[in-house]
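Notes to accompany the following structure.
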Amino acid sequence: MEIVYVYARRRCDFGRPCNFSDRPAELHVDVLPDPALAADFVRRDPCDVAVQCAQEMSEHEVNTERFESEARGINHVEGGWPKDINPQEMEQTIRFRKKVEKDENYLNTVMQLGTLMEHCIKQNNAIDIYQEYFEDEEEMVDSRERPSAKTINVFRDPNEVKRTATSLSWHPDGSRKLAIAYSCLEFQRAAKNMSFDSYIWDIENPSCPEMTLKPASPLVCLEYNPKDSHILLGGSYNGQIGYWDTRKGSQPVETSAIEHGHRDPVYKAIWLQSKTGTDTFSASTDGQVLWWDIRKMSEPTERLVLDLGRKGNLDNALGAISLEFESTMPTKFMVGTEQGLVVSCNRKAKTPAEKIVCTYSGHHGPIYALQRNPFFPKNFLTVADWTARIWSEDIKESSIMWTKYHMSYLMDGCWSPVRPSVFFTVKMDGTLDVWDYLFKHNDPTLSLKVCDEGLFSLRVQDSGALLACGSQLGTATLLEVSPDLSTMQRNEKALATAMFERETKREKILEARQREMRVKERSRSEQSKEDEGRDTDAGDESAEQLLARAERDFFEIVGAELKKRELEAGQEQIGAEECLPLQVKDVCDEEDR
Amino acid sequence: MNWSFETLKRIQTQKGVQGIIIVTAEGIPIRSTLDNASTVQYAGLIQQLVMKARVTVREMDPQNDLTFLRIRSKKNEIMIAPDKDYFLIVIQNPTD
């Protein structure tokens, strides 16, 4: 007997593939067309169909990666010698040379080349093919092209945390380098990881700075020494002054001691003219102007407190924001203050009280830039609040010329070193204005939007064609101005002299008149005081009488005016009758009505 | 017999000639009137330049070939006469 146990399992459970089988087709559903449904639909006629046959295009942006270039030198070493000859061995090389010289091919070649060469040499000696004809004639620069300026290079702050480029200084010879001081001037807004470094850039290489300067505190101002192009002076945010030598590295060679320095950021530091070339002075909003000798930075050599009361009281002192010094006038200098006054000082005064000579008022806000005109040292430019003003040294009451009030704050300005009537200003909305005062007074000759953020500083290179401006995010832009703004035009100096003299005279006359009026007022008030003294008994009555008199006068004047108007109307009527006889009747009718 | 010397001497006595160098096609200076450092520098730099110039001329027109090369600078003029195996370089200060 067989015992059979049958157990069933599905095919897929023990891993076998499915076993498909065929089946004949079965009809499941058949939906026949129902013409009754057509009643629910309406035929659309006409149909609007848009058809376009055009090329399919897509928009795509591409920006190349920044091209980093580096200049390197190559050292030529002798090469090309056959393998068995050592170029250092004199004997071997001489032997090789002698062998070549005996070669017939060599002799033929040399003779051939020699004749060819001689021909050219003689040609050169016979006539100078590159002679410049008409060299002496001046180029007629009569181009009426519009003034323009174009950006040449942009130098960006390589750090992540962007700082403002607060000060720029061009290298004194050749101006191929630009030193930029970076700091954050907003009170306590500096980020904790903000770098303190300032950089020196080579203008041909915007990808990375040529040299870094590492101060103890961010630099607010930076100046190259005009006599020695390796030395830079920097004033920093914590009130210290330091000087760097580019040959000695990034650290300052010496810095001033904190106790003897300024107590506020050093806003401006300038080199002075001296035999040793080591004198400088600095100004800060703590109200002091300090003189330093860089050989001994531990203490300032001289101190001046900008107290207008001339008492040296630091509490009353005005904060200084800008300094001005012209090497042709070494004893005078000017300080621009936070309060809007320009203080002119004499360095060689005997007592500190006499140091402050006079002040010029007229601005409403801190004076960010102060510079004498390089051609007319008696006139200087100040840039503050929303205007730029030109002053003459003689007129202390007001500026002789000024721009209109702009929509945004003016942050820096300077004269063009080649044209006496051209100056540049930068504003907080990122525009650079070029003013040519001989051409137009009301508006800038050229207004360029350099960047979206505010521009903080500006410096023109000595050639007058290049200028650099620094912005709030640390971007310094190098611009080139068109030649008609950077070359002196004919008669420009004479015209500018005439213009400045004319404006100065006008202001002088106005000032004289003001003075006269004041004197008259004073004398009148003195007289009236005497009169009042006599009439003190009839004080009240005189007031009433005055009122009555005033009323009478008023009504008299009104009556006289009305009568005058009637007379005029009557005269017009008569006049109308004479000119237009046709219309006389109408007018008369109207009048009767 | 050695007319190469004569040729070179004749060239050297011309007005304004500052130096003469004869270089092989590989850049080895054979004969020179300048000091060794300048010679080596000229030989190396000019050899590359002649190669480049020759290729330029040939590429524009394969039938053409470089016969003479003059480099005029602010201070002097460098004249190069190239050949298949050797170059003759003369530095002259043009009289003006």
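The way I read the labels, and the way they are meant: chains A, B, ... in the order of the structure tokens, residue 1 as the first residue of every chain, and ligand 1 as the first ligand shown, with later ones counted on from there.
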Could the residues of chain A that have an atom at most 10 Å from chain B be listed as a Markdown table, each with its closest atom pair and the distance in Å to one decimal, counting only C-alpha atoms and ordered by chain and ascending residue number?
| residue | atom | partner | partner_atom | distance |
| --- | --- | --- | --- | --- |
| A:Asn75 | CA | B:Gln41 | CA | 9.2 |
| A:His76 | CA | B:Gln41 | CA | 6.5 |
| A:Val77 | CA | B:Val40 | CA | 7.7 |
| A:Glu78 | CA | B:Val40 | CA | 6.4 |
| A:Gly79 | CA | B:Gly27 | CA | 7.1 |
| A:Gly80 | CA | B:Glu26 | CA | 5.1 |
| A:Trp81 | CA | B:Ile28 | CA | 6.4 |
| A:Pro82 | CA | B:Glu26 | CA | 9.3 |
| A:Pro87 | CA | B:Ile28 | CA | 9.8 |
| A:Thr93 | CA | B:Ile30 | CA | 9.2 |
| A:Ile94 | CA | B:Ile30 | CA | 8.9 |
| A:Phe96 | CA | B:Ile30 | CA | 8.7 |
| A:Arg97 | CA | B:Ile30 | CA | 5.5 |
| A:Lys98 | CA | B:Ile30 | CA | 8.4 |
| A:Lys99 | CA | B:Ile30 | CA | 9.9 |
| A:Val100 | CA | B:Ile30 | CA | 7.7 |
| A:Glu101 | CA | B:Ile30 | CA | 7.8 |
| A:Lys102 | CA | B:Asn2 | CA | 8.6 |
| A:Asn105 | CA | B:Asp85 | CA | 8.8 |
| A:Tyr106 | CA | B:Tyr86 | CA | 7.7 |
| A:Leu107 | CA | B:Ser4 | CA | 5.7 |
| A:Asn108 | CA | B:Ser4 | CA | 8.1 |
| A:Thr109 | CA | B:Asp83 | CA | 7.3 |
| A:Val110 | CA | B:Ser4 | CA | 6.0 |
| A:Met111 | CA | B:Ser4 | CA | 6.0 |
| A:Gln112 | CA | B:Asp83 | CA | 9.3 |
| A:Leu113 | CA | B:Ala81 | CA | 6.0 |
| A:Gly114 | CA | B:Thr7 | CA | 6.0 |
| A:Thr115 | CA | B:Thr7 | CA | 7.9 |
| A:Leu116 | CA | B:Ala81 | CA | 7.4 |
| A:Met117 | CA | B:Ala81 | CA | 6.6 |
| A:Glu118 | CA | B:Ile11 | CA | 6.3 |
| A:His119 | CA | B:Ile11 | CA | 9.9 |
| A:Cys120 | CA | B:Met79 | CA | 8.2 |
| A:Ile121 | CA | B:Gln14 | CA | 7.5 |
| A:Lys122 | CA | B:Gln14 | CA | 7.8 |
| A:Gln123 | CA | B:Pro94 | CA | 9.8 |
| A:Asn124 | CA | B:Pro94 | CA | 6.1 |
| A:Asn125 | CA | B:Thr95 | CA | 6.1 |
| A:Ala126 | CA | B:Thr95 | CA | 8.7 |
| A:Ile127 | CA | B:Thr95 | CA | 8.6 |
| A:Asp128 | CA | B:Asp96 | CA | 6.7 |
| A:Ile129 | CA | B:Pro94 | CA | 9.8 |
| A:Tyr130 | CA | B:Arg72 | CA | 9.5 |
| A:Gln131 | CA | B:Asp96 | CA | 8.4 |
inquiry  = Write out as a PyMOL selection string the set of residues from chain B that DSSP, computed on the backbone, places in strand (DSSP E or B).
reply    = chain B and resi 17-24+29-32+69-72+77-82+86-92
For the selection just defined, write its residues with N, CA, C and O atoms to a file, as a short mmCIF file (atom, residue, chain, number, x, y, z; two decimals), in the first residue's frame.
data_model
loop_
_atom_site.label_atom_id
_atom_site.label_comp_id
_atom_site.auth_asym_id
_atom_site.auth_seq_id
_atom_site.Cartn_x
_atom_site.Cartn_y
_atom_site.Cartn_z
N VAL B 17 76.97 100.30 -34.68
CA VAL B 17 76.80 98.89 -34.32
C VAL B 17 77.31 98.66 -32.91
O VAL B 17 78.45 98.98 -32.60
N GLN B 18 76.45 98.08 -32.06
CA GLN B 18 76.84 97.86 -30.67
C GLN B 18 77.31 96.44 -30.39
O GLN B 18 78.11 96.21 -29.50
N GLY B 19 76.79 95.48 -31.15
CA GLY B 19 77.20 94.10 -30.88
C GLY B 19 76.75 93.16 -31.97
O GLY B 19 75.77 93.43 -32.67
N ILE B 20 77.49 92.09 -32.13
CA ILE B 20 77.15 91.08 -33.13
C ILE B 20 77.17 89.72 -32.46
O ILE B 20 78.05 89.44 -31.64
N ILE B 21 76.19 88.87 -32.79
CA ILE B 21 76.18 87.51 -32.25
C ILE B 21 75.83 86.56 -33.38
O ILE B 21 74.91 86.83 -34.16
N ILE B 22 76.55 85.46 -33.46
CA ILE B 22 76.16 84.41 -34.41
C ILE B 22 75.70 83.23 -33.57
O ILE B 22 76.41 82.77 -32.68
N VAL B 23 74.49 82.75 -33.87
CA VAL B 23 73.89 81.68 -33.05
C VAL B 23 73.51 80.52 -33.96
O VAL B 23 73.11 80.74 -35.10
N THR B 24 73.62 79.32 -33.43
CA THR B 24 73.12 78.18 -34.21
C THR B 24 71.61 78.09 -34.04
O THR B 24 71.03 78.78 -33.21
N PRO B 29 75.47 80.14 -28.90
CA PRO B 29 76.21 81.25 -29.51
C PRO B 29 77.60 80.80 -29.95
O PRO B 29 78.35 80.22 -29.16
N ILE B 30 77.91 81.07 -31.22
CA ILE B 30 79.21 80.65 -31.76
C ILE B 30 80.22 81.76 -31.57
O ILE B 30 81.30 81.57 -31.09
N ARG B 31 79.79 82.95 -32.02
CA ARG B 31 80.73 84.06 -31.92
C ARG B 31 79.97 85.28 -31.45
O ARG B 31 78.84 85.50 -31.87
N SER B 32 80.60 86.04 -30.57
CA SER B 32 79.88 87.22 -30.07
C SER B 32 80.85 88.31 -29.67
O SER B 32 81.97 88.03 -29.25
N LEU B 69 64.40 90.05 -39.91
CA LEU B 69 63.54 90.46 -38.80
C LEU B 69 64.18 91.66 -38.12
O LEU B 69 65.36 91.61 -37.78
N ARG B 70 63.41 92.74 -37.97
CA ARG B 70 63.96 93.93 -37.34
C ARG B 70 63.11 94.28 -36.12
O ARG B 70 61.90 94.37 -36.24
N ILE B 71 63.74 94.49 -35.00
CA ILE B 71 63.00 94.90 -33.81
C ILE B 71 63.50 96.28 -33.41
O ILE B 71 64.65 96.42 -33.01
N ARG B 72 62.63 97.25 -33.53
CA ARG B 72 63.04 98.61 -33.20
C ARG B 72 62.53 98.94 -31.81
O ARG B 72 61.36 98.80 -31.54
N GLU B 77 68.13 99.14 -32.13
CA GLU B 77 67.44 98.27 -33.07
C GLU B 77 68.16 96.94 -33.14
O GLU B 77 69.39 96.90 -33.24
N ILE B 78 67.39 95.85 -33.05
CA ILE B 78 67.98 94.51 -33.12
C ILE B 78 67.62 93.95 -34.49
O ILE B 78 66.44 93.84 -34.84
N MET B 79 68.61 93.60 -35.27
CA MET B 79 68.36 93.05 -36.62
C MET B 79 68.80 91.60 -36.65
O MET B 79 69.89 91.26 -36.20
N ILE B 80 67.93 90.76 -37.18
CA ILE B 80 68.22 89.33 -37.19
C ILE B 80 68.11 88.80 -38.62
O ILE B 80 67.07 88.96 -39.27
N ALA B 81 69.18 88.18 -39.08
CA ALA B 81 69.15 87.55 -40.41
C ALA B 81 69.14 86.05 -40.18
O ALA B 81 70.14 85.47 -39.74
N PRO B 82 68.01 85.39 -40.44
CA PRO B 82 67.94 83.96 -40.13
C PRO B 82 68.29 83.12 -41.35
O PRO B 82 68.13 83.53 -42.49
N TYR B 86 71.82 78.79 -38.97
CA TYR B 86 72.43 79.81 -38.12
C TYR B 86 71.65 81.11 -38.21
O TYR B 86 70.95 81.36 -39.18
N PHE B 87 71.79 81.96 -37.17
CA PHE B 87 71.26 83.32 -37.25
C PHE B 87 72.41 84.27 -37.02
O PHE B 87 73.31 83.99 -36.23
N LEU B 88 72.25 85.46 -37.65
CA LEU B 88 73.19 86.53 -37.39
C LEU B 88 72.40 87.65 -36.72
O LEU B 88 71.41 88.12 -37.27
N ILE B 89 72.82 88.03 -35.52
CA ILE B 89 72.11 89.08 -34.77
C ILE B 89 73.02 90.29 -34.65
O ILE B 89 74.17 90.15 -34.22
N VAL B 90 72.49 91.46 -35.01
CA VAL B 90 73.28 92.69 -34.88
C VAL B 90 72.45 93.69 -34.09
O VAL B 90 71.28 93.90 -34.38
N ILE B 91 73.07 94.30 -33.08
CA ILE B 91 72.38 95.34 -32.31
C ILE B 91 72.98 96.67 -32.70
O ILE B 91 74.18 96.89 -32.55
N GLN B 92 72.12 97.56 -33.20
CA GLN B 92 72.62 98.83 -33.69
C GLN B 92 71.87 99.98 -33.03
O GLN B 92 70.69 99.88 -32.73
#
request  = Write out as a ChimeraX atom specification all residues of chain B that backbone DSSP assigns to helix (DSSP H, G or I).
outcome  = /B:3-12,36-60
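Comparing the minimum interatomic distances between A:Pro172 and each of A:Leu567, A:Gln52, A:Ser463, A:Thr403, counting only C-alpha atoms, we find that A:Ser463 sits nearest.
Proximity ranking of A:Glu501, A:Asp553, A:Glu210, A:Glu204 relative to A:Ser250 places A:Glu210 first, based on only C-alpha atoms.
The space between atom CA of A:Trp415 and atom CA of A:Ile203 spans 21.6 Å.
Taking atom CA of A:Ile241 and atom CA of A:Thr255 as the two end points, the separation is 5.6 Å.
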message = So that I can see what lies close to A:Gln371, please list as an MDAnalysis selection string the residues with an atom at most 8 Å from it, counting only C-alpha atoms and leaving out residues fewer than 4 positions away in the same chain.
response = chainID A and resid 324 380:382 414:415
note = One residue among A:Met401, A:Ala369, A:Val4, A:Leu213 is nearest to A:Val253 when using only C-alpha atoms, and that residue is A:Leu213
request  = Considering only C-alpha atoms, return as a PyMOL selection string whatever protein or nucleic-acid residues lie within 9 Å of A:Thr166, sequence-local ones (same chain, fewer than 4 positions apart) excluded.
outcome  = chain A and resi 180-185+219-222+456-458+470-472+474
message = Give me the residues near stretch 337-350 of chain A as a PyMOL selection string, where near means some atom within 9 Å (using only C-alpha atoms) and where sequence neighbours in that chain fewer than 3 positions away do not count.
response = chain A and resi 285+287+306+308+318-323+330-334+353-368+370+382+384-385
remark   = What separates atom CA of A:Gly464 and atom CA of A:Arg419 is a distance of 8.0 Å
